[in-house]
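run.txt, holding compact mmCIF, C-alpha atoms (C1' of nucleotides):
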# COMPACT_ATOMS: atom_id res chain seq x y z
CA MET A 84 -71.12 -6.48 -83.81
CA THR A 85 -74.16 -5.68 -81.71
CA ARG A 86 -77.28 -4.18 -83.12
CA GLU A 87 -78.02 -0.70 -81.78
CA LEU A 88 -80.68 -0.73 -79.11
CA PRO A 89 -84.01 0.55 -80.38
CA THR A 90 -85.00 3.94 -79.01
CA SER A 91 -88.13 2.45 -77.52
CA LEU A 92 -86.06 -0.04 -75.56
CA LEU A 93 -83.88 2.74 -74.20
CA MET A 94 -87.04 4.42 -72.99
CA PHE A 95 -88.27 1.20 -71.49
CA ILE A 96 -85.10 0.78 -69.45
CA ALA A 97 -85.28 4.23 -67.92
CA SER A 98 -89.01 4.30 -67.35
CA ARG A 99 -88.93 0.89 -65.72
CA ALA A 100 -86.16 1.98 -63.37
CA ALA A 101 -88.18 5.05 -62.41
CA GLY A 102 -91.37 3.09 -61.97
CA ASP A 103 -89.65 0.59 -59.71
CA ARG A 104 -88.25 3.34 -57.54
CA ILE A 105 -91.55 5.12 -57.12
CA PHE A 106 -93.25 1.84 -56.37
CA ARG A 107 -90.67 0.97 -53.75
CA ALA A 108 -90.85 4.41 -52.14
CA VAL A 109 -94.61 4.17 -51.80
CA HIS A 110 -94.29 0.70 -50.34
CA GLU A 111 -91.71 1.79 -47.82
CA ALA A 112 -93.96 4.64 -46.77
CA GLY A 113 -96.40 2.03 -45.50
CA PHE A 114 -98.66 1.59 -48.51
CA ASP A 115 -97.39 -1.89 -49.15
CA ASP A 116 -100.65 -3.49 -50.19
CA VAL A 117 -100.91 -1.85 -53.62
CA THR A 118 -99.57 -3.55 -56.70
CA ILE A 119 -98.13 -1.91 -59.80
CA ALA A 120 -101.20 -2.65 -61.88
CA GLN A 121 -103.39 -1.15 -59.19
CA SER A 122 -101.33 2.01 -58.89
CA ARG A 123 -101.28 2.46 -62.63
CA LEU A 124 -105.04 2.35 -62.58
CA MET A 125 -105.19 4.83 -59.72
CA MET A 126 -103.04 7.25 -61.67
CA GLY A 127 -105.98 7.72 -63.99
CA ILE A 128 -108.41 8.93 -61.34
CA ASP A 129 -109.26 12.63 -61.43
CA THR A 130 -110.09 14.52 -58.27
CA GLU A 131 -113.83 14.51 -58.98
CA GLY A 132 -113.80 10.77 -59.60
CA THR A 133 -113.66 8.84 -62.83
CA ARG A 134 -115.78 6.18 -64.47
CA LEU A 135 -114.45 2.67 -64.53
CA SER A 136 -114.61 2.41 -68.29
CA VAL A 137 -112.55 5.58 -68.63
CA LEU A 138 -109.98 4.20 -66.22
CA ALA A 139 -109.80 1.01 -68.26
CA GLU A 140 -109.26 3.01 -71.42
CA ARG A 141 -106.55 5.16 -69.86
CA ALA A 142 -104.68 2.18 -68.48
CA GLN A 143 -105.26 0.27 -71.71
CA ILE A 144 -106.84 -2.72 -70.06
CA ALA A 145 -110.21 -4.46 -70.42
CA LYS A 146 -113.17 -3.37 -68.35
CA GLN A 147 -113.21 -6.68 -66.50
CA THR A 148 -109.62 -6.19 -65.46
CA ALA A 149 -110.41 -2.71 -64.21
CA THR A 150 -113.35 -4.08 -62.25
CA ALA A 151 -111.08 -6.59 -60.56
CA LEU A 152 -108.46 -3.96 -59.75
CA VAL A 153 -111.01 -1.52 -58.36
CA ASP A 154 -112.47 -4.32 -56.24
CA LYS A 155 -109.12 -4.88 -54.61
CA LEU A 156 -108.37 -1.20 -54.22
CA GLU A 157 -111.77 -0.71 -52.64
CA ARG A 158 -111.25 -3.57 -50.23
CA ALA A 159 -107.87 -2.10 -49.28
CA GLY A 160 -109.49 1.27 -48.66
CA TYR A 161 -107.84 3.27 -51.44
CA VAL A 162 -110.89 4.02 -53.56
CA GLN A 163 -114.64 3.98 -53.30
CA ARG A 164 -117.44 3.74 -55.83
CA VAL A 165 -120.07 6.44 -55.72
CA PRO A 166 -123.10 6.77 -58.00
CA ASP A 167 -122.67 9.00 -61.02
CA PRO A 168 -125.42 11.65 -60.77
CA SER A 169 -125.43 12.14 -64.53
CA ASP A 170 -126.01 8.50 -65.44
CA GLY A 171 -127.79 5.86 -63.41
CA ARG A 172 -125.79 3.03 -64.92
CA ALA A 173 -122.43 4.51 -64.11
CA ARG A 174 -120.47 4.93 -60.94
CA LEU A 175 -117.52 7.13 -60.21
CA VAL A 176 -114.35 5.74 -58.76
CA ARG A 177 -112.92 8.21 -56.25
CA MET A 178 -109.76 8.23 -54.19
CA THR A 179 -110.16 8.00 -50.45
CA PRO A 180 -108.04 10.02 -48.01
CA ARG A 181 -105.79 6.98 -47.73
CA ALA A 182 -104.91 7.13 -51.42
CA GLU A 183 -104.43 10.87 -51.23
CA ALA A 184 -102.07 10.35 -48.35
CA ALA A 185 -99.86 8.25 -50.59
CA LEU A 186 -99.62 10.82 -53.35
CA PRO A 187 -96.99 13.10 -51.79
CA THR A 188 -94.62 10.18 -51.38
CA ALA A 189 -95.00 9.21 -55.02
CA ARG A 190 -94.59 12.77 -56.22
CA ALA A 191 -91.55 13.34 -54.05
CA GLU A 192 -89.82 10.30 -55.50
CA GLU A 193 -90.80 11.38 -59.01
CA ASP A 194 -89.25 14.77 -58.34
CA ARG A 195 -86.12 13.19 -56.93
CA ILE A 196 -85.68 11.03 -60.03
CA GLU A 197 -86.32 14.00 -62.26
CA ALA A 198 -83.66 15.99 -60.42
CA GLU A 199 -81.13 13.18 -60.63
CA TRP A 200 -81.66 12.78 -64.32
CA ARG A 201 -81.33 16.51 -64.82
CA ALA A 202 -78.11 16.51 -62.85
CA HIS A 203 -76.74 13.64 -64.88
CA LEU A 204 -77.66 15.02 -68.29
CA GLY A 205 -77.39 18.73 -67.64
CA ALA A 206 -80.26 21.16 -67.95
CA GLU A 207 -79.91 21.61 -71.68
CA ARG A 208 -80.05 17.94 -72.63
CA MET A 209 -82.79 17.27 -70.11
CA ASN A 210 -84.94 19.96 -71.67
CA GLN A 211 -84.29 18.61 -75.14
CA LEU A 212 -85.20 15.14 -73.90
CA ARG A 213 -88.50 16.27 -72.43
CA GLU A 214 -89.26 18.31 -75.49
CA ALA A 215 -88.67 15.41 -77.86
CA LEU A 216 -90.67 13.00 -75.70
CA THR A 217 -93.54 15.44 -75.53
CA ALA A 218 -93.53 15.80 -79.30
CA LEU A 219 -93.57 12.03 -79.66
CA ARG A 220 -96.80 11.83 -77.72
CA GLU A 221 -98.50 13.30 -80.76
CA ILE A 222 -98.00 10.04 -82.60
CA THR A 223 -97.78 7.52 -79.77
CA ASP A 224 -100.23 8.47 -77.03
CA PRO A 225 -103.47 6.58 -77.62
CA TYR A 226 -105.24 8.95 -75.28
CA LEU A 227 -104.25 12.04 -77.25
CA LEU A 228 -104.81 10.24 -80.52
CA GLY A 229 -108.26 9.11 -79.50
CA SER A 230 -109.47 12.57 -78.61
CA GLN A 231 -108.50 14.40 -81.73
CA MET B 120 -103.66 23.57 -63.53
CA THR B 121 -102.27 20.18 -64.42
CA ARG B 122 -98.99 18.90 -63.12
CA GLU B 123 -96.36 18.37 -65.81
CA LEU B 124 -96.03 14.76 -66.79
CA PRO B 125 -92.91 13.15 -65.36
CA THR B 126 -90.24 12.38 -67.92
CA SER B 127 -90.41 8.72 -67.03
CA LEU B 128 -94.11 8.66 -67.84
CA LEU B 129 -93.48 10.26 -71.21
CA MET B 130 -91.03 7.46 -71.90
CA PHE B 131 -93.51 4.90 -70.75
CA ILE B 132 -96.15 6.14 -73.16
CA ALA B 133 -93.89 5.96 -76.19
CA SER B 134 -92.20 2.70 -75.30
CA ARG B 135 -95.50 1.04 -74.61
CA ALA B 136 -96.87 2.15 -77.96
CA ALA B 137 -93.81 0.74 -79.68
CA GLY B 138 -93.94 -2.52 -77.74
CA ASP B 139 -97.57 -3.00 -78.62
CA ARG B 140 -96.91 -2.47 -82.29
CA ILE B 141 -94.02 -4.92 -82.42
CA PHE B 142 -96.04 -7.45 -80.49
CA ARG B 143 -98.95 -7.10 -82.86
CA ALA B 144 -96.75 -7.34 -85.95
CA VAL B 145 -95.21 -10.56 -84.70
CA HIS B 146 -98.64 -11.94 -83.92
CA GLU B 147 -99.97 -11.06 -87.32
CA ALA B 148 -97.00 -12.78 -88.93
CA GLY B 149 -98.33 -16.03 -87.50
CA PHE B 150 -96.43 -16.24 -84.24
CA ASP B 151 -99.55 -15.68 -82.21
CA ASP B 152 -98.80 -18.06 -79.36
CA VAL B 153 -96.14 -15.93 -77.67
CA THR B 154 -97.02 -13.54 -74.91
CA ILE B 155 -95.29 -10.27 -74.05
CA ALA B 156 -93.57 -11.70 -71.01
CA GLN B 157 -92.31 -14.59 -73.07
CA SER B 158 -90.96 -12.40 -75.83
CA ARG B 159 -89.25 -10.13 -73.34
CA LEU B 160 -87.47 -13.15 -71.97
CA MET B 161 -86.52 -14.30 -75.46
CA MET B 162 -84.98 -10.92 -76.18
CA GLY B 163 -82.28 -11.82 -73.66
CA ILE B 164 -81.10 -14.95 -75.45
CA ASP B 165 -77.73 -14.68 -77.20
CA THR B 166 -77.00 -16.66 -80.33
CA GLU B 167 -74.89 -19.23 -78.47
CA GLY B 168 -77.61 -19.76 -75.88
CA THR B 169 -78.00 -18.27 -72.42
CA ARG B 170 -78.43 -19.64 -68.95
CA LEU B 171 -81.82 -19.40 -67.37
CA SER B 172 -80.56 -17.47 -64.37
CA VAL B 173 -78.99 -14.90 -66.67
CA LEU B 174 -82.23 -14.57 -68.58
CA ALA B 175 -84.07 -14.05 -65.31
CA GLU B 176 -81.62 -11.36 -64.30
CA ARG B 177 -81.86 -9.58 -67.64
CA ALA B 178 -85.64 -9.59 -67.61
CA GLN B 179 -85.66 -8.69 -63.92
CA ILE B 180 -87.83 -11.60 -62.89
CA ALA B 181 -87.39 -14.46 -60.43
CA LYS B 182 -85.83 -17.71 -61.51
CA GLN B 183 -89.08 -19.58 -60.99
CA THR B 184 -90.84 -17.19 -63.34
CA ALA B 185 -88.16 -17.69 -65.95
CA THR B 186 -88.50 -21.45 -65.59
CA ALA B 187 -92.22 -21.20 -66.20
CA LEU B 188 -91.76 -18.96 -69.24
CA VAL B 189 -89.08 -21.17 -70.75
CA ASP B 190 -91.33 -24.18 -70.19
CA LYS B 191 -94.04 -22.58 -72.27
CA LEU B 192 -91.67 -21.34 -74.93
CA GLU B 193 -90.19 -24.80 -75.17
CA ARG B 194 -93.57 -26.43 -75.50
CA ALA B 195 -94.46 -23.95 -78.24
CA GLY B 196 -91.23 -24.77 -80.06
CA TYR B 197 -89.46 -21.44 -79.73
CA VAL B 198 -86.56 -22.45 -77.51
CA GLN B 199 -84.82 -25.59 -76.35
CA ARG B 200 -82.69 -26.42 -73.35
CA VAL B 201 -79.28 -27.92 -74.03
CA PRO B 202 -76.67 -28.94 -71.45
CA ASP B 203 -74.02 -26.35 -70.67
CA PRO B 204 -70.68 -28.02 -71.40
CA SER B 205 -68.88 -25.77 -68.93
CA ASP B 206 -71.11 -26.57 -65.93
CA GLY B 207 -73.00 -29.76 -65.24
CA ARG B 208 -75.68 -27.99 -63.23
CA ALA B 209 -76.51 -25.47 -65.89
CA ARG B 210 -78.35 -25.64 -69.17
CA LEU B 211 -78.35 -23.21 -72.02
CA VAL B 212 -81.59 -21.85 -73.42
CA ARG B 213 -81.28 -21.56 -77.18
CA MET B 214 -83.59 -20.21 -79.84
CA THR B 215 -84.96 -22.69 -82.35
CA PRO B 216 -85.33 -21.92 -86.06
CA ARG B 217 -88.94 -21.02 -85.32
CA ALA B 218 -87.88 -18.20 -83.01
CA GLU B 219 -85.27 -17.06 -85.46
CA ALA B 220 -87.91 -16.95 -88.13
CA ALA B 221 -89.84 -14.43 -86.06
CA LEU B 222 -86.92 -12.08 -85.57
CA PRO B 223 -86.99 -10.35 -88.97
CA THR B 224 -90.63 -9.39 -88.45
CA ALA B 225 -89.87 -7.87 -85.08
CA ARG B 226 -86.82 -6.04 -86.36
CA ALA B 227 -88.66 -4.72 -89.37
CA GLU B 228 -91.38 -3.24 -87.19
CA GLU B 229 -88.78 -1.78 -84.86
CA ASP B 230 -87.11 -0.13 -87.83
CA ARG B 231 -90.40 1.17 -89.10
CA ILE B 232 -91.20 2.76 -85.75
CA GLU B 233 -87.73 4.21 -85.53
CA ALA B 234 -88.14 5.73 -88.99
CA GLU B 235 -91.53 7.20 -88.15
CA TRP B 236 -90.22 8.79 -85.00
CA ARG B 237 -87.26 10.20 -86.88
CA ALA B 238 -89.57 11.61 -89.49
CA HIS B 239 -91.77 13.19 -86.86
CA LEU B 240 -88.98 14.71 -84.79
CA GLY B 241 -86.43 15.44 -87.49
CA ALA B 242 -82.97 13.90 -87.59
CA GLU B 243 -81.45 16.39 -85.22
CA ARG B 244 -83.92 15.96 -82.36
CA MET B 245 -84.02 12.21 -82.85
CA ASN B 246 -80.27 12.02 -82.46
CA GLN B 247 -80.40 14.17 -79.35
CA LEU B 248 -83.13 11.96 -77.97
CA ARG B 249 -81.16 8.77 -78.50
CA GLU B 250 -78.05 10.37 -77.12
CA ALA B 251 -79.77 11.51 -73.94
CA LEU B 252 -81.48 8.16 -73.44
CA THR B 253 -78.19 6.36 -73.91
CA ALA B 254 -76.54 8.58 -71.33
CA LEU B 255 -79.38 7.88 -68.91
CA ARG B 256 -78.63 4.16 -69.06
CA GLU B 257 -75.53 4.91 -67.01
CA ILE B 258 -77.69 5.57 -63.99
CA THR B 259 -80.82 3.55 -64.74
CA ASP B 260 -79.83 0.28 -66.43
CA PRO B 261 -79.50 -2.39 -63.75
CA TYR B 262 -77.57 -4.54 -66.18
CA LEU B 263 -74.94 -1.90 -66.81
CA LEU B 264 -74.92 -0.92 -63.15
CA GLY B 265 -74.46 -4.51 -62.03
CA SER B 266 -71.43 -5.13 -64.21
CA GLN B 267 -69.34 -2.15 -63.30
C1' DC C 292 -144.97 5.76 -75.88
C1' DT C 293 -143.06 1.40 -77.12
C1' DA C 294 -139.55 -1.70 -79.09
C1' DC C 295 -134.78 -2.15 -80.14
C1' DA C 296 -130.10 -0.99 -79.90
C1' DT C 297 -126.54 0.80 -77.01
C1' DT C 298 -123.83 1.49 -72.96
C1' DA C 299 -121.87 0.89 -67.94
C1' DG C 300 -120.67 -2.34 -65.17
C1' DT C 301 -120.46 -7.04 -63.23
C1' DT C 302 -119.81 -12.15 -62.94
C1' DC C 303 -117.86 -16.54 -64.46
C1' DG C 304 -114.18 -19.11 -65.92
C1' DA C 305 -109.81 -19.96 -68.07
C1' DT C 306 -104.97 -18.84 -68.69
C1' DC C 307 -100.69 -16.50 -67.87
C1' DA C 308 -97.28 -14.18 -64.76
C1' DT C 309 -95.11 -13.84 -60.52
C1' DG C 310 -92.43 -14.97 -56.50
C1' DG C 311 -91.75 -17.28 -51.57
C1' DG C 312 -90.09 -21.53 -49.78
C1' DA C 313 -88.20 -25.93 -50.07
C1' DC C 314 -85.51 -28.98 -52.54
C1' DC C 315 -81.89 -31.65 -55.51
C1' DA C 316 -77.78 -32.11 -57.92
C1' DG C 317 -73.59 -30.48 -59.36
C1' DT C 318 -69.41 -27.37 -58.14
C1' DC C 319 -66.19 -24.88 -55.40
C1' DT C 320 -63.33 -24.23 -51.31
C1' DA C 321 -61.12 -24.64 -46.88
C1' DT D 186 -63.73 -34.79 -47.72
C1' DA D 187 -67.21 -31.75 -45.42
C1' DG D 188 -69.69 -27.74 -45.86
C1' DA D 189 -70.92 -23.73 -48.47
C1' DC D 190 -72.56 -22.21 -52.76
C1' DT D 191 -75.00 -22.16 -57.18
C1' DG D 192 -78.21 -23.47 -61.20
C1' DG D 193 -82.39 -25.06 -61.75
C1' DT D 194 -86.83 -27.18 -60.60
C1' DC D 195 -91.23 -28.18 -58.02
C1' DC D 196 -95.17 -26.88 -55.22
C1' DC D 197 -98.32 -23.46 -54.19
C1' DA D 198 -100.69 -19.13 -53.48
C1' DT D 199 -101.84 -14.74 -55.42
C1' DG D 200 -102.46 -11.31 -59.06
C1' DA D 201 -103.51 -9.79 -63.75
C1' DT D 202 -105.77 -10.41 -67.88
C1' DC D 203 -109.56 -10.99 -71.00
C1' DG D 204 -113.48 -13.57 -73.81
C1' DA D 205 -118.23 -14.41 -73.22
C1' DA D 206 -122.49 -13.82 -71.33
C1' DC D 207 -125.44 -11.14 -68.38
C1' DT D 208 -128.25 -7.13 -65.87
C1' DA D 209 -129.73 -2.60 -65.55
C1' DA D 210 -130.15 1.94 -67.23
C1' DT D 211 -130.21 4.98 -71.19
C1' DG D 212 -131.00 6.55 -75.91
C1' DT D 213 -133.55 6.42 -80.24
C1' DA D 214 -136.55 5.37 -84.28
C1' DG D 215 -141.03 5.09 -85.51
Serialized structure, structure tokens:
Amino acid sequence: MTRELPTSLLMFIASRAAGDRIFRAVHEAGFDDVTIAQSRLMMGIDTEGTRLSVLAERAQIAKQTATALVDKLERAGYVQRVPDPSDGRARLVRMTPRAEAALPTARAEEDRIEAEWRAHLGAERMNQLREALTALREITDPYLLGSQ
Amino acid sequence: MTRELPTSLLMFIASRAAGDRIFRAVHEAGFDDVTIAQSRLMMGIDTEGTRLSVLAERAQIAKQTATALVDKLERAGYVQRVPDPSDGRARLVRMTPRAEAALPTARAEEDRIEAEWRAHLGAERMNQLREALTALREITDPYLLGSQ
DNA sequence: CTACATTAGTTCGATCATGGGACCAGTCTA
DNA sequence: TAGACTGGTCCCATGATCGAACTAATGTAG
């Protein structure tokens, strides 16, 4: 008699599979010098640029870790640090054209996964799934929770 | 205009929140010398004991990584290696009483999360969610996929 | 306007996680 | 029995992670 798998573990399985695929697709497109931790950090960068401390908060890591990741991303030419005009202490982390060039690949793979899942579940169940997951963010997303 | 969050990311958010909570609960119960990677590995151990290579496969890590994790878990008294009677090369990784003592805490927190989610979504949507996630395993779970 | 507290970011140093490559000792097979 | 295969380990290099302490800029109370 096996214990039922927790819902969170079911989510982990699927999200990990998706993450791996996106990561592999980006690698195969030639951007093979980014790691998962680095790309997760990059996902938090807005188009105008984002402060390091905000990136750390979004990725749920310490500032020192974010510093180290940005260092490597900068050396690899994916991001650059520019002064923040509104605060002399701060700097904004911005994507370079190289990082922007990688985005379409990632998005395309995301879309492909999304389509496969929809095909497997059917439109109805897929919509219910997304709807339930979105509702769950209200009590699980630290970013949403922090800003309310 | 923001792009809709991918379904896999929605799953990541919730599963990460749950994982963090379970991890913290176990820590606060006194088992504060286990790391996340180590506990993920432990989750793959069956009651009779499990081979290291199987654990590595389940956790999707290399054998060397599993060796290192088991080393630490063994030193901390959570697991032990016993010879595998059916194969002289192999050894079985088994949980010690200490690890078993931590299980109820983890399960209790899991159940609590599960209950909170059910309360937030309602029974109907929660069931649909679990059902959809379970169906998705058919195309995303490397363990299921490998054994078919 | 000055002194003190706060904040953004960095550096140092320690520990854990991870996997490539090489290796040994059992096991299986032709 | 020889050679292929498999389970596991060791060595080693790299990445990720964070506590603690620090610098520089900003904000604030008096």
Up to 6 Å from (-78.7, -20.9, -71.4) in the file's coordinates: name the residues, counting only C-alpha atoms (C1' of nucleotides), as a list in words.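 Final list of nearby residues, as requested, is Gly168, Thr169, Arg170, Leu171, Arg210, Leu211 and Val212 of chain B.
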Shell of 12 Å around Ala191 of chain A, only C-alpha atoms (C1' of nucleotides), local chain residues under 6 positions omitted, as a compact mmCIF listing (two decimals) with C-alpha atoms, keeping the file's coordinate frame:
# COMPACT_ATOMS: atom_id res chain seq x y z
CA ARG A 104 -88.25 3.34 -57.54
CA ILE A 105 -91.55 5.12 -57.12
CA PHE A 106 -93.25 1.84 -56.37
CA ALA A 108 -90.85 4.41 -52.14
CA VAL A 109 -94.61 4.17 -51.80
CA ALA A 112 -93.96 4.64 -46.77
CA ALA A 185 -99.86 8.25 -50.59
CA GLU A 197 -86.32 14.00 -62.26
CA ALA A 198 -83.66 15.99 -60.42
CA PRO B 125 -92.91 13.15 -65.36
Sorted by chain and rising residue number, list the residues of chain A at most 12 Å from chain C (counting all atoms listed in the file), each with its closest atom pair and distance in Å to one decimal, as a tab-separated table.
residue	atom	partner	partner_atom	distance
A:Thr118	CA	C:DT309	C1'	11.8
A:Arg134	CA	C:DA299	C1'	8.8
A:Leu135	CA	C:DG300	C1'	8.0
A:Ser136	CA	C:DA299	C1'	7.4
A:Val137	CA	C:DA299	C1'	10.5
A:Ala139	CA	C:DG300	C1'	11.8
A:Ala145	CA	C:DG300	C1'	11.9
A:Lys146	CA	C:DG300	C1'	8.2
A:Gln147	CA	C:DT301	C1'	8.0
A:Thr148	CA	C:DT301	C1'	11.1
A:Ala149	CA	C:DG300	C1'	10.3
A:Thr150	CA	C:DT301	C1'	7.8
A:Ala151	CA	C:DT301	C1'	9.8
A:Val153	CA	C:DG300	C1'	11.8
A:Asp154	CA	C:DT301	C1'	11.0
A:Arg164	CA	C:DG300	C1'	11.6
A:Pro166	CA	C:DA299	C1'	11.6
A:Asp167	CA	C:DA299	C1'	10.7
A:Asp170	CA	C:DA299	C1'	9.0
A:Gly171	CA	C:DA299	C1'	9.0
A:Arg172	CA	C:DA299	C1'	5.4
A:Ala173	CA	C:DA299	C1'	5.3
A:Arg174	CA	C:DA299	C1'	8.2
A:Leu175	CA	C:DA299	C1'	10.8
Please build the interface table for chain D against chain B with a cut-off of 10 Å, listing for each qualifying residue the nearest atom pair and the distance in Å to one decimal; count all atoms listed in the file, order rows by chain and increasing number, and write it as a tab-separated table.
residue	atom	partner	partner_atom	distance
D:DT191	C1'	B:Arg208	CA	8.4
D:DG192	C1'	B:Ala209	CA	5.4
D:DG193	C1'	B:Ala209	CA	7.2
D:DT194	C1'	B:Thr186	CA	7.8
D:DC195	C1'	B:Gln183	CA	9.3
Superposition output for chain B against chain A, all Cα paired in order, as a compact mmCIF listing (two decimals) with C-alpha atoms, in the frame of the given file:
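Contents of selection_17.txt, as written:
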# COMPACT_ATOMS: atom_id res chain seq x y z
CA MET B 120 -71.02 -6.46 -83.69
CA THR B 121 -74.07 -5.67 -81.62
CA ARG B 122 -77.18 -4.13 -83.06
CA GLU B 123 -77.94 -0.65 -81.72
CA LEU B 124 -80.61 -0.69 -79.08
CA PRO B 125 -83.94 0.57 -80.36
CA THR B 126 -84.96 3.94 -79.00
CA SER B 127 -88.09 2.43 -77.53
CA LEU B 128 -86.00 -0.03 -75.55
CA LEU B 129 -83.85 2.76 -74.19
CA MET B 130 -87.03 4.42 -72.99
CA PHE B 131 -88.23 1.20 -71.49
CA ILE B 132 -85.07 0.79 -69.45
CA ALA B 133 -85.25 4.25 -67.93
CA SER B 134 -88.99 4.30 -67.36
CA ARG B 135 -88.91 0.91 -65.73
CA ALA B 136 -86.15 2.00 -63.38
CA ALA B 137 -88.17 5.06 -62.42
CA GLY B 138 -91.37 3.08 -61.97
CA ASP B 139 -89.63 0.60 -59.72
CA ARG B 140 -88.23 3.34 -57.55
CA ILE B 141 -91.55 5.10 -57.12
CA PHE B 142 -93.24 1.82 -56.38
CA ARG B 143 -90.66 0.96 -53.76
CA ALA B 144 -90.84 4.39 -52.14
CA VAL B 145 -94.60 4.12 -51.81
CA HIS B 146 -94.26 0.65 -50.36
CA GLU B 147 -91.69 1.75 -47.85
CA ALA B 148 -93.95 4.59 -46.77
CA GLY B 149 -96.36 1.96 -45.51
CA PHE B 150 -98.64 1.55 -48.49
CA ASP B 151 -97.38 -1.93 -49.18
CA ASP B 152 -100.65 -3.52 -50.21
CA VAL B 153 -100.90 -1.88 -53.64
CA THR B 154 -99.56 -3.58 -56.71
CA ILE B 155 -98.15 -1.93 -59.83
CA ALA B 156 -101.22 -2.64 -61.89
CA GLN B 157 -103.39 -1.17 -59.20
CA SER B 158 -101.35 1.99 -58.88
CA ARG B 159 -101.29 2.46 -62.63
CA LEU B 160 -105.06 2.36 -62.59
CA MET B 161 -105.19 4.82 -59.70
CA MET B 162 -103.02 7.25 -61.64
CA GLY B 163 -105.98 7.73 -63.98
CA ILE B 164 -108.40 8.93 -61.31
CA ASP B 165 -109.24 12.64 -61.40
CA THR B 166 -110.04 14.53 -58.23
CA GLU B 167 -113.79 14.52 -58.92
CA GLY B 168 -113.78 10.78 -59.55
CA THR B 169 -113.65 8.86 -62.81
CA ARG B 170 -115.76 6.22 -64.45
CA LEU B 171 -114.45 2.71 -64.52
CA SER B 172 -114.63 2.45 -68.29
CA VAL B 173 -112.56 5.61 -68.61
CA LEU B 174 -110.00 4.22 -66.20
CA ALA B 175 -109.85 1.04 -68.25
CA GLU B 176 -109.30 3.03 -71.41
CA ARG B 177 -106.58 5.16 -69.85
CA ALA B 178 -104.72 2.17 -68.49
CA GLN B 179 -105.32 0.27 -71.73
CA ILE B 180 -106.91 -2.72 -70.05
CA ALA B 181 -110.27 -4.45 -70.42
CA LYS B 182 -113.22 -3.38 -68.35
CA GLN B 183 -113.27 -6.68 -66.49
CA THR B 184 -109.67 -6.16 -65.46
CA ALA B 185 -110.46 -2.69 -64.23
CA THR B 186 -113.39 -4.05 -62.24
CA ALA B 187 -111.12 -6.57 -60.58
CA LEU B 188 -108.49 -3.95 -59.76
CA VAL B 189 -111.03 -1.51 -58.37
CA ASP B 190 -112.49 -4.31 -56.26
CA LYS B 191 -109.13 -4.88 -54.64
CA LEU B 192 -108.38 -1.21 -54.24
CA GLU B 193 -111.76 -0.73 -52.64
CA ARG B 194 -111.25 -3.59 -50.25
CA ALA B 195 -107.87 -2.14 -49.30
CA GLY B 196 -109.47 1.24 -48.66
CA TYR B 197 -107.84 3.24 -51.43
CA VAL B 198 -110.87 4.02 -53.56
CA GLN B 199 -114.63 3.98 -53.28
CA ARG B 200 -117.42 3.76 -55.81
CA VAL B 201 -120.06 6.47 -55.70
CA PRO B 202 -123.09 6.82 -57.98
CA ASP B 203 -122.64 9.08 -60.99
CA PRO B 204 -125.36 11.72 -60.72
CA SER B 205 -125.36 12.27 -64.48
CA ASP B 206 -125.96 8.62 -65.43
CA GLY B 207 -127.79 5.98 -63.45
CA ARG B 208 -125.78 3.15 -64.96
CA ALA B 209 -122.42 4.60 -64.12
CA ARG B 210 -120.46 4.98 -60.92
CA LEU B 211 -117.52 7.18 -60.19
CA VAL B 212 -114.34 5.75 -58.74
CA ARG B 213 -112.91 8.20 -56.23
CA MET B 214 -109.74 8.22 -54.18
CA THR B 215 -110.12 7.98 -50.43
CA PRO B 216 -108.00 9.98 -47.98
CA ARG B 217 -105.76 6.93 -47.72
CA ALA B 218 -104.89 7.12 -51.41
CA GLU B 219 -104.40 10.84 -51.19
CA ALA B 220 -102.05 10.31 -48.32
CA ALA B 221 -99.84 8.21 -50.57
CA LEU B 222 -99.61 10.79 -53.33
CA PRO B 223 -96.99 13.08 -51.76
CA THR B 224 -94.61 10.14 -51.36
CA ALA B 225 -94.99 9.18 -54.99
CA ARG B 226 -94.61 12.75 -56.19
CA ALA B 227 -91.57 13.33 -54.04
CA GLU B 228 -89.83 10.30 -55.50
CA GLU B 229 -90.80 11.36 -59.00
CA ASP B 230 -89.27 14.76 -58.34
CA ARG B 231 -86.15 13.20 -56.93
CA ILE B 232 -85.69 11.04 -60.02
CA GLU B 233 -86.35 14.00 -62.27
CA ALA B 234 -83.71 16.00 -60.42
CA GLU B 235 -81.16 13.20 -60.63
CA TRP B 236 -81.69 12.82 -64.34
CA ARG B 237 -81.37 16.56 -64.82
CA ALA B 238 -78.17 16.56 -62.85
CA HIS B 239 -76.77 13.70 -64.89
CA LEU B 240 -77.70 15.09 -68.29
CA GLY B 241 -77.42 18.80 -67.64
CA ALA B 242 -80.33 21.22 -67.95
CA GLU B 243 -79.97 21.66 -71.67
CA ARG B 244 -80.10 17.98 -72.64
CA MET B 245 -82.84 17.29 -70.12
CA ASN B 246 -84.99 19.98 -71.67
CA GLN B 247 -84.35 18.62 -75.14
CA LEU B 248 -85.23 15.16 -73.92
CA ARG B 249 -88.54 16.25 -72.44
CA GLU B 250 -89.32 18.30 -75.50
CA ALA B 251 -88.70 15.40 -77.87
CA LEU B 252 -90.67 12.98 -75.73
CA THR B 253 -93.56 15.41 -75.56
CA ALA B 254 -93.56 15.77 -79.32
CA LEU B 255 -93.56 11.99 -79.68
CA ARG B 256 -96.82 11.78 -77.74
CA GLU B 257 -98.51 13.23 -80.82
CA ILE B 258 -97.99 9.97 -82.64
CA THR B 259 -97.76 7.45 -79.80
CA ASP B 260 -100.23 8.42 -77.06
CA PRO B 261 -103.47 6.52 -77.66
CA TYR B 262 -105.25 8.91 -75.35
CA LEU B 263 -104.25 11.96 -77.33
CA LEU B 264 -104.80 10.13 -80.60
CA GLY B 265 -108.27 9.00 -79.57
CA SER B 266 -109.48 12.48 -78.71
CA GLN B 267 -108.49 14.32 -81.83
